[in-house]
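A.B. asks: Pasting in a structure now, in structure tokens, and then I'll have a few things to ask.
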Amino acid sequence: MRSRSYDDVLSGPRKRKVPEVPAEPGLVVEDPASGYCGAVVKIEYGNVVLEDAKGRHRVFPLAPAAFLLEGKPVTLVPVKKTAAPARQVSASGSVRVQGLQARVARDSRIWVEGKHDAELVERVWGHDLRVEGVVVEPLDGVDVLADRIAEFGTGPGRRLGVLVDHLVPGSKESRLVGQIRDEQVLVTGHPYIDVWQAVKPASVGIRAWPEIPRGTEWKAGICDALGWGEPYEGWQRVLAGVRSFRDLETPLIGAVERLIDFVTDPGDDTP
């Protein structure tokens, strides 16, 4: 049986592994064959460019163990490029702020007609609103809009943005909105009967929103036509189908973005 020492003799002297060192710009190495010492400038075409103390450049091939670093042989290798981290975006398409701490709420507010509108705005723009410190509140109907504005008391740095359903010429909503005369209030809206309809049909698994006869409560009629049960059950289906702004119709997206811009206008922060 061979002894360990006998095996070592037969196998011959062990070769030391020469470390590989990334050729970072500025790294000072020596070419032992010529005695040239210089800092790494760049790597190109399988060669390394070194610069000596007088600013002169020389090119050397990137051969194994071809350089000395602090007197010890090393193999220079190209620096591995690390991919830049992908930017994460919020549901609204804006750049997501990492490690977000919600800003203290502004005096300005965004009002929407009801609970469903508020939940939909939160689903898509919630991150943006927390970054900006904007609170969204339901009105429970546009009929009370003028009184609520008077109670709120607008002014510089205290603006109101209002999102209204079915804001089309001749509608009740457009007549009520037309009575508002306040520079600190911006009312935007969409043409759909209810905010449900501002969600793209494909996002909730239907081909189109059904036509509901006049005189029939719209949400109840939708749920009956689609077999969705009660309106609260239907709303859960609608909200679950919304993952980002891409699931919404353009008029609603534009209306909400305008309101956010209005109530966060930096020129209005100073009373």
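How things are named: the first chain in the structure tokens is A, the next is B, and so on; residues count from 1 in each chain; ligands count from 1 in the order shown.
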Give the alpha helix (DSSP H) residues of range 61-169 of chain A, as assigned by DSSP on the backbone, as a VMD selection string.
C.D. replies: chain A and resid 115 to 132 145 to 152
A.B. asks: Can you pull out the residues contacting range 29-37 of chain A? Cut-off 7 Å, using only C-alpha atoms, and skip same-chain residues under 5 positions away; I want them as a ChimeraX atom specification.
C.D. replies: /A:52,66-69
A.B. asks: Tell me, in Å to one decimal, how far CA of Arg214 in chain A is from CA of Leu139 in chain A.
C.D. replies: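 If I compute the distance from CA of Arg214 in chain A to CA of Leu139 in chain A, I get 24.2 Å.
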A.B. asks: Can you pull out every residue within 9 Å of Asp128 in chain A, counting only C-alpha atoms, but drop anything in the same chain fewer than 4 positions away, and send it as a PyMOL selection string?
C.D. replies: chain A and resi 90+92+94+96-97+124+132-134+260
A.B. asks: Check the smallest atom-to-atom distance from each of A:Pro213, A:Ala240, A:Ala105, A:Thr264 to Arg130 in chain A using only C-alpha atoms, then report the winner.
C.D. replies: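 So, comparing all the options, the nearest one is A:Ala105.
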A.B. asks: Using CA of Gln197 in chain A and CA of Arg258 in chain A as the two end points, give the distance in Å to one decimal.
C.D. replies: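 Going from CA of Gln197 in chain A over to CA of Arg258 in chain A, I get 19.8 Å.
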A.B. asks: Identify, on the basis of only C-alpha atoms, every residue whose closest approach to Ala150 in chain A does not exceed 12 Å; exclude the query and any residue fewer than 4 positions from it along the same chain; express the result as a VMD selection string.
C.D. replies: chain A and resid 144 to 146 154 to 155 160 180 to 182 184 to 185
A.B. asks: Which one is closest to Gly153 in chain A: A:Thr216, A:Ser174, A:Gln88, A:Ser108? Count only C-alpha atoms.
C.D. replies: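 For Gly153 in chain A, the nearest of the given residues is A:Ser108.
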A.B. asks: Please, what distance in Å, to one decimal, runs between CA of Val242 in chain A and CA of Arg106 in chain A?
C.D. replies: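 Rounded to one decimal, the two atoms are 27.1 Å apart.
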A.B. asks: Give me, as a ChimeraX atom specification, all polymer residues having an atom no more than 12 Å from range 57-65 of chain A, counting only C-alpha atoms and skipping those fewer than 6 positions away in the same chain.
C.D. replies: /A:16-23,29-34,36-51,71-78
